[in-house]
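What follows is a short report on a single structure.
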Amino acid sequence: MATPAQAFDRHHVPRMIEGLFVGPGQTVNGMPSRLLSAVLPVLSADSAHDSAFVCLDLYQRVTDGPPRDWEWHVVSEIGRYSWGHTIGLNLGEPWQFMTWAYGPPRVYAVAYATPIAPGDIAGAYGPEAASYAWPQDKAVQLTLTRIP
Amino acid sequence: MSLDRSWQDDWAETWLSDPAYVGMLDHWVRRRHVQHHEAAERHAPYGTVGPWTVAGLVSDVHRHAMTSHWLWATTAICFLQELLFCIDDGGVDMSRHLSDDFIDEVKTLRYLRNVVAHPAKMPMKTGENSVDQTTDPLSVGRESL
């Protein structure tokens with residue numbers, strides 16, 4: 001069984017930015033009580049200040065039980081056909097990422113960056129990030145560009 | 001449903017336009033999917049648990065509606081109802097836990113599903129698999145979703 005410390009780690013990836021992907025026609029009325037999406041900026045980024053940065057796309061994956069739990073996981077190339085925002089990006093739609101991580105809401109335009117091989121994730125995002133990715137598939141990378 | 005209003009106006013009044021709510025339902029449906037697979041001792045990856053997801057179908061509904069592909073938008077809504085209202089028990093029938101408050105709306109969506117997803121099937125008896133069961137099936141509120 002996971003210890004409380006382990007459970008906490010599974011629910012929080014250092015440096016990640018939690019938020020919400022917003023598609024065409026969707027509207028956001030304030031910060032949701034629970035955020036189910038997040039991105040993890042590359043180590044070289046200063047996400048608080050950079051106007052654009054590359055990141056991994058994270059989702060909350062239900063873990064094999066028991067006990068029933070969840071952890072952040074990296075969207076893979078195969079997963080691009082499963083999520084609303086990646087399906088939209090596949091079709092060339094304009095999607096945004098909204099976060100409250102820095103206080104007032106920030107909005108970023110979302111675009112695909114080059115997918116990253118599993119073996120390269122640790123170098124670009126830290127060794128811990130590699131453990132959240134599928135070992136057999138390339139991971140989706142996004143470029144977030146801040147919208148003033 | 002009003003023909004005087006735009007799709008955008010109707011859409012904006014439903015949970016379909018709320019990305020946080022869509023995400024929550026998507027999460028719940030995926031989780032139930034995984035649990036049903038596990039109960040049958042099958043492994044199901046959460047991220048790719050099935051070809052249809054709530055998030056994917058919701059974006060399909062909007063995408064088709066924006067291009068006036070109403071039949072496809074209706075089809076996506078019908079598939080969406082099956083995910084939402086059947087997944088709790090893991091079958092193709094309505095969940096036993098559905099609230100009586102909206103059971104009629106769910107049934108109407110299911111009649112629509114039969115029409116759009118099984119276009120060649122003819123009713124074997126009055127009322128079966130049929131839009132006969134509701135006087136105006138297309139009046140099923142988008143607002144109900």
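Labels for the structure tokens follow display order: chains A, B, ..., residues from 1 in each chain, ligands from 1.
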
With only C-alpha atoms counted and 7 Å as the cut-off, give the residues of chain B in contact with chain A, each with its shortest interatomic distance in Å and the pair that gives it, as a tab-separated table.
```
residue	atom	partner	partner_atom	distance
B:Ser17	CA	A:Gln26	CA	4.4
B:Asp18	CA	A:Gln26	CA	5.9
B:Pro19	CA	A:Val22	CA	6.1
B:Ala20	CA	A:Pro32	CA	6.3
B:Gly23	CA	A:Leu36	CA	6.7
B:Arg31	CA	A:Val62	CA	6.5
B:Tyr46	CA	A:Arg61	CA	5.8
B:Gly47	CA	A:Gly79	CA	5.9
B:Thr48	CA	A:Gly79	CA	5.8
B:Thr53	CA	A:Ser82	CA	6.5
B:Ala55	CA	A:Gly84	CA	4.6
B:Gly56	CA	A:Gly84	CA	4.6
B:Ser59	CA	A:Gly84	CA	6.1
```

Contacts of range 101-118 of chain A at 8 Å (only C-alpha atoms; same-chain gap of 5+ positions) as a ChimeraX atom specification: /A:17-19,48,54,77,89,94-96,130,133-148

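Nearest-residue note for Tyr111 in chain B: choosing from B:His62, B:Thr74, B:His27, B:Val54, the minimum distance belongs to B:Thr74, counting only C-alpha atoms.
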
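Relative to CA of Glu71 in chain A, CA of Val29 in chain B is found at 16.8 Å.
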
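Distances here use only C-alpha atoms; by that measure, the residue among B:Glu38, B:His33, B:Cys78, B:Met24 closest to Glu105 in chain B is B:Cys78.
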
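Across A:Gly30, A:Gly119, A:Pro67, A:Pro127, the tightest approach to Trp100 in chain A is made by A:Gly30 when counting only C-alpha atoms.
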
Tell me, which residues of range 65-125 of chain B carry DSSP helix (DSSP H, G or I), written as a PyMOL selection string? chain B and resi 65-66+70-86+100-117

Produce a file of the selected residues containing N, CA, C and O atoms, as a compact mmCIF listing (two decimals), in the first residue's frame.
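Everything below was put into selection.txt:
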```
# COMPACT_ATOMS: atom_id res chain seq x y z
N ALA B 65 -21.69 20.55 -35.31
CA ALA B 65 -22.76 21.55 -35.28
C ALA B 65 -22.30 22.85 -35.94
O ALA B 65 -23.08 23.51 -36.64
N MET B 66 -21.06 23.22 -35.72
CA MET B 66 -20.56 24.48 -36.28
C MET B 66 -20.53 24.45 -37.81
O MET B 66 -20.51 25.49 -38.46
N TRP B 70 -25.75 18.30 -38.86
CA TRP B 70 -26.61 18.03 -37.70
C TRP B 70 -26.78 16.55 -37.43
O TRP B 70 -26.91 16.14 -36.28
N LEU B 71 -26.81 15.74 -38.48
CA LEU B 71 -26.98 14.31 -38.23
C LEU B 71 -25.77 13.74 -37.50
O LEU B 71 -25.89 12.92 -36.59
N TRP B 72 -24.59 14.21 -37.89
CA TRP B 72 -23.39 13.73 -37.20
C TRP B 72 -23.33 14.27 -35.78
O TRP B 72 -22.87 13.58 -34.85
N ALA B 73 -23.76 15.51 -35.60
CA ALA B 73 -23.80 16.06 -34.23
C ALA B 73 -24.75 15.24 -33.37
O ALA B 73 -24.45 14.92 -32.21
N THR B 74 -25.91 14.87 -33.94
CA THR B 74 -26.87 14.06 -33.21
C THR B 74 -26.30 12.69 -32.89
O THR B 74 -26.49 12.14 -31.80
N THR B 75 -25.58 12.12 -33.86
CA THR B 75 -24.96 10.81 -33.63
C THR B 75 -23.96 10.89 -32.47
O THR B 75 -23.93 10.01 -31.60
N ALA B 76 -23.17 11.94 -32.46
CA ALA B 76 -22.20 12.08 -31.37
C ALA B 76 -22.90 12.23 -30.02
O ALA B 76 -22.46 11.67 -29.02
N ILE B 77 -24.03 12.96 -30.02
CA ILE B 77 -24.79 13.11 -28.78
C ILE B 77 -25.32 11.75 -28.32
O ILE B 77 -25.32 11.42 -27.13
N CYS B 78 -25.77 10.94 -29.28
CA CYS B 78 -26.32 9.62 -28.93
C CYS B 78 -25.24 8.71 -28.36
O CYS B 78 -25.48 7.94 -27.42
N PHE B 79 -24.06 8.76 -28.94
CA PHE B 79 -22.95 7.97 -28.38
C PHE B 79 -22.57 8.49 -27.00
O PHE B 79 -22.25 7.71 -26.09
N LEU B 80 -22.64 9.78 -26.87
CA LEU B 80 -22.31 10.40 -25.58
C LEU B 80 -23.27 9.92 -24.49
O LEU B 80 -22.85 9.60 -23.38
N GLN B 81 -24.58 9.83 -24.83
CA GLN B 81 -25.52 9.37 -23.82
C GLN B 81 -25.22 7.95 -23.39
O GLN B 81 -25.41 7.60 -22.24
N GLU B 82 -24.72 7.14 -24.33
CA GLU B 82 -24.45 5.75 -23.94
C GLU B 82 -23.27 5.69 -22.97
O GLU B 82 -23.29 4.93 -22.01
N LEU B 83 -22.27 6.52 -23.23
CA LEU B 83 -21.15 6.56 -22.29
C LEU B 83 -21.63 7.03 -20.91
O LEU B 83 -21.29 6.44 -19.88
N LEU B 84 -22.41 8.08 -20.91
CA LEU B 84 -22.78 8.70 -19.64
C LEU B 84 -23.79 7.87 -18.86
O LEU B 84 -23.70 7.76 -17.64
N PHE B 85 -24.76 7.31 -19.56
CA PHE B 85 -25.88 6.70 -18.85
C PHE B 85 -25.81 5.17 -18.78
O PHE B 85 -26.69 4.57 -18.16
N CYS B 86 -24.84 4.57 -19.42
CA CYS B 86 -24.71 3.12 -19.35
C CYS B 86 -23.43 2.67 -18.63
O CYS B 86 -23.35 1.54 -18.17
N ASP B 100 -34.63 9.29 -11.54
CA ASP B 100 -35.91 9.38 -12.22
C ASP B 100 -36.17 10.77 -12.78
O ASP B 100 -37.03 10.96 -13.62
N ASP B 101 -35.40 11.72 -12.29
CA ASP B 101 -35.64 13.12 -12.69
C ASP B 101 -35.44 13.34 -14.19
O ASP B 101 -36.03 14.25 -14.76
N PHE B 102 -34.57 12.54 -14.80
CA PHE B 102 -34.32 12.79 -16.23
C PHE B 102 -34.37 11.51 -17.06
O PHE B 102 -33.84 11.45 -18.16
N ILE B 103 -35.05 10.49 -16.52
CA ILE B 103 -35.07 9.20 -17.21
C ILE B 103 -35.76 9.31 -18.57
O ILE B 103 -35.38 8.64 -19.54
N ASP B 104 -36.78 10.17 -18.67
CA ASP B 104 -37.49 10.30 -19.94
C ASP B 104 -36.59 10.90 -21.02
O ASP B 104 -36.64 10.48 -22.18
N GLU B 105 -35.77 11.87 -20.63
CA GLU B 105 -34.85 12.45 -21.60
C GLU B 105 -33.83 11.41 -22.08
O GLU B 105 -33.49 11.35 -23.26
N VAL B 106 -33.37 10.59 -21.15
CA VAL B 106 -32.40 9.56 -21.52
C VAL B 106 -33.03 8.56 -22.48
O VAL B 106 -32.44 8.17 -23.49
N LYS B 107 -34.28 8.17 -22.18
CA LYS B 107 -34.97 7.21 -23.06
C LYS B 107 -35.12 7.79 -24.47
O LYS B 107 -34.95 7.08 -25.46
N THR B 108 -35.44 9.06 -24.52
CA THR B 108 -35.62 9.68 -25.84
C THR B 108 -34.31 9.69 -26.61
O THR B 108 -34.28 9.41 -27.81
N LEU B 109 -33.23 9.98 -25.92
CA LEU B 109 -31.93 9.93 -26.59
C LEU B 109 -31.62 8.53 -27.08
O LEU B 109 -31.00 8.33 -28.13
N ARG B 110 -32.08 7.54 -26.34
CA ARG B 110 -31.82 6.16 -26.74
C ARG B 110 -32.65 5.77 -27.96
O ARG B 110 -32.21 5.01 -28.81
N TYR B 111 -33.88 6.29 -28.05
CA TYR B 111 -34.65 6.05 -29.27
C TYR B 111 -33.93 6.68 -30.45
O TYR B 111 -33.83 6.09 -31.54
N LEU B 112 -33.43 7.88 -30.22
CA LEU B 112 -32.69 8.55 -31.29
C LEU B 112 -31.45 7.74 -31.68
O LEU B 112 -31.10 7.62 -32.84
N ARG B 113 -30.78 7.19 -30.67
CA ARG B 113 -29.60 6.39 -30.94
C ARG B 113 -29.95 5.22 -31.86
O ARG B 113 -29.22 4.91 -32.81
N ASN B 114 -31.07 4.58 -31.60
CA ASN B 114 -31.45 3.45 -32.44
C ASN B 114 -31.68 3.87 -33.88
O ASN B 114 -31.35 3.15 -34.82
N VAL B 115 -32.24 5.05 -34.02
CA VAL B 115 -32.52 5.54 -35.37
C VAL B 115 -31.23 5.90 -36.11
O VAL B 115 -31.03 5.54 -37.26
N VAL B 116 -30.34 6.60 -35.42
CA VAL B 116 -29.15 7.07 -36.12
C VAL B 116 -28.06 6.01 -36.21
O VAL B 116 -27.26 6.02 -37.15
N ALA B 117 -28.00 5.11 -35.23
CA ALA B 117 -26.91 4.13 -35.22
C ALA B 117 -27.29 2.81 -35.89
O ALA B 117 -26.42 1.99 -36.19
```

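For the pair CA of Asp4 in chain B and CA of Ser68 in chain B, the interatomic distance is 15.1 Å.
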
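Take CA of Ser51 in chain A and CA of Ala122 in chain A: the distance between them is 23.8 Å.
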